[in-house]
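Beneath this line is the structure, given in structure tokens, with notes to follow.
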Amino acid sequence: MSSAAQSSGKASGGQLEERIDLSMETAAKISQATQLISNSTSSTTASSTLQDALSLLSAHEKRCRLGNDTPSLIKVCETSLELCHQLHNHEALLSTLQMLSTRRSQKSKAIAALVTKCLPWVVDVEGDGYTPLPLSNDTNDDDDAKDVDVARGHRDALVEELRNITNGKMYLEAERARLTRTMAILKESSGDIAGAANVLQEVHVETYGSISKREKLEFILEQMRLTLLKKDYVRAYIVSNKVKRNALEEEGMASLKIKFYTLLTNYYMHEKEAYELAKCYYAIYSTPSIQSPLPSTPSSMGETTIGGAEGVSTTTTTTEGTLTTTMEGGESLWKEALRNTVVFLCLAEYSNEVKDMMERIHLDVKLEKLPECKEMLKAYLKEEIIHYPTPYQRELEMIPAILYSGDNDDDDDTTTDHTTTPSSSSSTSSLKNHWHETFHTRIIQHNLRIISLYYRQIHISRLAQLLSLDIPTTEKHVSQMVSNGTLYAKMDRPSDIVRFVKKRSEEEILSDWAGDIKGLLNLVEETTYLIQKEKMVQSH
């Protein structure tokens, strides 16, 4: 042992580890290795010189590791990687990184330093921490293109190696999550959507304690986006349940809230659940940044705003054409969200929740600026028959949420317009036809409910006339509503009669009669009391 090395003493009772101070010797070894590299003149000698320098540092690394001199150990490890990086020797860099990280009894701080040292070489650590560094090729030279491909392969291999090193290490869970997202970006850019989604699903970021709440939400939203691109709708819904809705209401989470509900509309659009779509659009409409956007900061909403009509510039980060990015006018944002809410509420199957939501939205003063939506809600809330087609039906069916509702099945996330391929146009047409037919069905069901309020029984031919349908179609809709439990009816086809009132038993009739008599007697008794009271007052 040299005179520069000083021991901290033997361990006493197993409470302290022996530590040897090798800082001065470490500085000398690093200087010697650096000098070897700087003296190399050609690429051939540089390779052999690098091996000599790495061997020198490797031997000293063992002394630092066994001597528990962690600061010196970190310096030696970082210098070894730095020398490989300076000479652009990627094979040596990978082998050195793997060797140092798998050393017996390697210090966790040294492994963390290795990962931290390599991160700036593959990702933008000054930015978000996961975006891969770009590989530019400004010329069309084939040799330059090959060099870019080689550099891309080296970068991807280093990212994969760093992911392997961080695997299973709690003190590097944040780095592993970011590296996994980097790998997903690389796979997605190469066209491997399924691979990107599978890689990202490996990380259960919701269990990580070293990552901020916002970064967790961003990671989960990225998982949702990729699973939707993969068309794995079941897993996308499972991933969406990891997001706590209350967390989206916190300050500073508006952009993530909009992006979350925008992605969620993809799932519900695929499942054709109109009421859930209405709730998603209403959540977007309720966001303060939608109702009062900042015209000078389009990115304040997380690059996700409402739009989708022709002529609107877009920079989308989502997978569908239902919601796109634009800052064209402050009112257009909440108008589009509110219009979508009303349309899908009208398309939703009737329930107490749907009616309650309609009544709440009908009281919104902003609905005055959307007369077609206000009139449609007013018609649904009135106990009157709605004539089909409605005056504003064509206008409501032309909203982008319905027109482009099939694009998400075939477009990727880089699409910035609504041009469709032949396969996607058929999917879009199918969904448009579905919503068109659903609109008619909901109006028929509304009319049947209203008719059942005014008629105990009615001729089927007259009912078909009121609904503007033929008799078989009328019977079909009545049967469907009876099967769903939303309407009570019995059809007597030989008599051409449908009854909406359930036949009551003698006990029920007698019970109601007894209740009516009791109410009448109470009223008579109260009236008699008031008459006697008035007589006594007048007599005095």
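Residues in the structure tokens are numbered from 1 in each chain, the chains being A, B, ... in the order shown, and ligands are numbered from 1 in the order shown.
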12 Å contact set for stretch 456-468 of chain A, only C-alpha atoms, chain neighbours under 5 positions out, as a PyMOL selection string: chain A and resi 384-389+440-451+473-478+488-503
Using the selection just defined, write its residues with N, CA and C atoms as a short mmCIF file (atom, residue, chain, number, x, y, z; two decimals), in the first residue's frame.
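Written out: selection00.cif:
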```
data_model
loop_
_atom_site.label_atom_id
_atom_site.label_comp_id
_atom_site.auth_asym_id
_atom_site.auth_seq_id
_atom_site.Cartn_x
_atom_site.Cartn_y
_atom_site.Cartn_z
N GLU A 384 -93.28 16.32 -25.01
CA GLU A 384 -93.93 16.45 -26.31
C GLU A 384 -93.23 15.58 -27.32
N ILE A 385 -93.95 15.20 -28.35
CA ILE A 385 -93.39 14.37 -29.41
C ILE A 385 -92.40 15.20 -30.24
N ILE A 386 -91.24 14.59 -30.55
CA ILE A 386 -90.24 15.22 -31.41
C ILE A 386 -90.43 14.70 -32.82
N HIS A 387 -90.61 15.61 -33.75
CA HIS A 387 -90.78 15.20 -35.14
C HIS A 387 -89.42 14.96 -35.79
N TYR A 388 -89.34 13.85 -36.50
CA TYR A 388 -88.07 13.45 -37.14
C TYR A 388 -88.18 13.68 -38.66
N PRO A 389 -87.16 14.26 -39.28
CA PRO A 389 -85.92 14.76 -38.69
C PRO A 389 -86.11 16.11 -38.02
N HIS A 440 -82.00 8.55 -34.68
CA HIS A 440 -83.40 8.27 -34.99
C HIS A 440 -84.03 7.37 -33.93
N THR A 441 -83.26 6.35 -33.49
CA THR A 441 -83.78 5.43 -32.48
C THR A 441 -84.09 6.14 -31.18
N ARG A 442 -83.20 7.05 -30.73
CA ARG A 442 -83.43 7.77 -29.46
C ARG A 442 -84.66 8.68 -29.55
N ILE A 443 -84.89 9.26 -30.71
CA ILE A 443 -86.09 10.10 -30.88
C ILE A 443 -87.34 9.24 -30.83
N ILE A 444 -87.30 8.08 -31.46
CA ILE A 444 -88.45 7.16 -31.40
C ILE A 444 -88.72 6.72 -29.97
N GLN A 445 -87.66 6.38 -29.23
CA GLN A 445 -87.83 5.96 -27.84
C GLN A 445 -88.39 7.09 -26.98
N HIS A 446 -87.92 8.30 -27.24
CA HIS A 446 -88.47 9.46 -26.51
C HIS A 446 -89.96 9.61 -26.79
N ASN A 447 -90.33 9.50 -28.05
CA ASN A 447 -91.74 9.66 -28.41
C ASN A 447 -92.60 8.56 -27.80
N LEU A 448 -92.08 7.36 -27.73
CA LEU A 448 -92.84 6.26 -27.12
C LEU A 448 -93.06 6.51 -25.63
N ARG A 449 -92.03 7.04 -24.96
CA ARG A 449 -92.19 7.36 -23.52
C ARG A 449 -93.25 8.44 -23.32
N ILE A 450 -93.24 9.44 -24.20
CA ILE A 450 -94.23 10.53 -24.08
C ILE A 450 -95.63 10.00 -24.35
N ILE A 451 -95.78 9.18 -25.37
CA ILE A 451 -97.10 8.64 -25.69
C ILE A 451 -97.62 7.78 -24.55
N THR A 473 -92.03 -1.83 -37.89
CA THR A 473 -90.95 -1.10 -37.23
C THR A 473 -91.41 -0.58 -35.87
N THR A 474 -92.66 -0.14 -35.78
CA THR A 474 -93.21 0.33 -34.51
C THR A 474 -93.21 -0.80 -33.48
N GLU A 475 -93.69 -1.98 -33.90
CA GLU A 475 -93.72 -3.12 -33.00
C GLU A 475 -92.30 -3.51 -32.55
N LYS A 476 -91.35 -3.40 -33.47
CA LYS A 476 -89.96 -3.72 -33.14
C LYS A 476 -89.42 -2.81 -32.04
N HIS A 477 -89.65 -1.50 -32.16
CA HIS A 477 -89.13 -0.56 -31.16
C HIS A 477 -89.85 -0.72 -29.82
N VAL A 478 -91.15 -0.98 -29.85
CA VAL A 478 -91.87 -1.21 -28.61
C VAL A 478 -91.32 -2.46 -27.91
N TYR A 488 -93.25 -0.15 -20.16
CA TYR A 488 -94.18 -1.26 -19.98
C TYR A 488 -95.23 -1.17 -21.08
N ALA A 489 -95.40 -2.27 -21.79
CA ALA A 489 -96.40 -2.29 -22.85
C ALA A 489 -96.78 -3.74 -23.15
N LYS A 490 -98.01 -3.92 -23.57
CA LYS A 490 -98.50 -5.21 -24.05
C LYS A 490 -99.26 -4.99 -25.35
N MET A 491 -98.89 -5.79 -26.35
CA MET A 491 -99.51 -5.63 -27.66
C MET A 491 -100.54 -6.75 -27.91
N ASP A 492 -101.68 -6.32 -28.35
CA ASP A 492 -102.74 -7.25 -28.76
C ASP A 492 -102.91 -7.10 -30.26
N ARG A 493 -102.18 -7.92 -31.02
CA ARG A 493 -102.16 -7.75 -32.48
C ARG A 493 -103.53 -8.01 -33.12
N PRO A 494 -104.27 -9.06 -32.71
CA PRO A 494 -105.60 -9.24 -33.34
C PRO A 494 -106.51 -8.03 -33.16
N SER A 495 -106.40 -7.38 -32.00
CA SER A 495 -107.23 -6.20 -31.75
C SER A 495 -106.56 -4.91 -32.19
N ASP A 496 -105.29 -5.01 -32.63
CA ASP A 496 -104.54 -3.83 -33.07
C ASP A 496 -104.45 -2.79 -31.95
N ILE A 497 -104.12 -3.26 -30.75
CA ILE A 497 -104.07 -2.38 -29.58
C ILE A 497 -102.77 -2.65 -28.81
N VAL A 498 -102.16 -1.60 -28.32
CA VAL A 498 -101.03 -1.71 -27.39
C VAL A 498 -101.42 -0.98 -26.12
N ARG A 499 -101.22 -1.64 -24.98
CA ARG A 499 -101.58 -1.08 -23.67
C ARG A 499 -100.31 -0.69 -22.93
N PHE A 500 -100.30 0.52 -22.36
CA PHE A 500 -99.15 1.02 -21.63
C PHE A 500 -99.34 0.97 -20.12
N VAL A 501 -100.52 0.56 -19.67
CA VAL A 501 -100.80 0.53 -18.24
C VAL A 501 -100.85 -0.92 -17.79
N LYS A 502 -100.12 -1.22 -16.75
CA LYS A 502 -100.09 -2.58 -16.24
C LYS A 502 -101.42 -2.91 -15.56
N LYS A 503 -101.95 -4.10 -15.84
CA LYS A 503 -103.21 -4.53 -15.23
C LYS A 503 -103.00 -4.73 -13.73
#
```
Long-range neighbours of A:Glu61 as a PyMOL selection string, 9 Å cut-off, only C-alpha atoms, 2 positions minimum in chain: chain A and resi 26+56-59+63-66+72-74+76-77+100
Would you mind exporting the chosen residues as a tab-separated table (two decimals), in the first residue's frame, restricted to C-alpha atoms?
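See selection_39.tsv below for the written result:
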```tsv
chain	number	residue	atom	x	y	z
A	26	THR	CA	-6.89	7.83	-8.03
A	56	LEU	CA	-5.04	0.39	-15.72
A	57	LEU	CA	-8.28	1.91	-14.45
A	58	SER	CA	-9.91	-1.51	-14.00
A	59	ALA	CA	-7.17	-2.63	-11.64
A	63	ARG	CA	-8.81	-1.41	-5.14
A	64	CYS	CA	-11.27	1.44	-4.66
A	65	ARG	CA	-14.20	-0.97	-4.51
A	66	LEU	CA	-12.58	-3.31	-2.00
A	72	SER	CA	-12.68	7.54	-5.90
A	73	LEU	CA	-14.56	4.55	-7.27
A	74	ILE	CA	-17.09	6.85	-8.93
A	76	VAL	CA	-12.60	5.85	-11.94
A	77	CYS	CA	-15.85	4.47	-13.37
A	100	LEU	CA	-18.37	-2.16	-14.16
```
Contacts of stretch 216-222 of chain A at 10 Å (only C-alpha atoms; same-chain gap of 3+ positions) as a PyMOL selection string: chain A and resi 177-178+181+184+197+200-201+203-213+225-228+236+239-244+247-248+253+256-257+259-261+263-264+317-318
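With distances restricted to only C-alpha atoms, A:Arg339 is the closest residue to A:Glu397 from A:Arg339, A:His362, A:Lys29, A:Arg103.
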Near-A:Ser286 list (12 Å; only C-alpha atoms; drop same-chain fewer than 2 positions) as a PyMOL selection string: chain A and resi 248-249+254+257-258+261+279-284+288-292+333-335+337-338+341+361+364+366
Expected answer as a PyMOL selection string: helix (DSSP H, G or I) residues in stretch 123-229 of chain A: chain A and resi 142-166+170-189+193-201+205-207+213-229
A:Trp435 surroundings by only C-alpha atoms, 9 Å radius, close-in-sequence under 3 positions cut, as a list in words: Lys272, Leu347, Glu397, Ile402, Ser430, Leu431, Lys432, Thr438, Phe439 and His440 of chain A
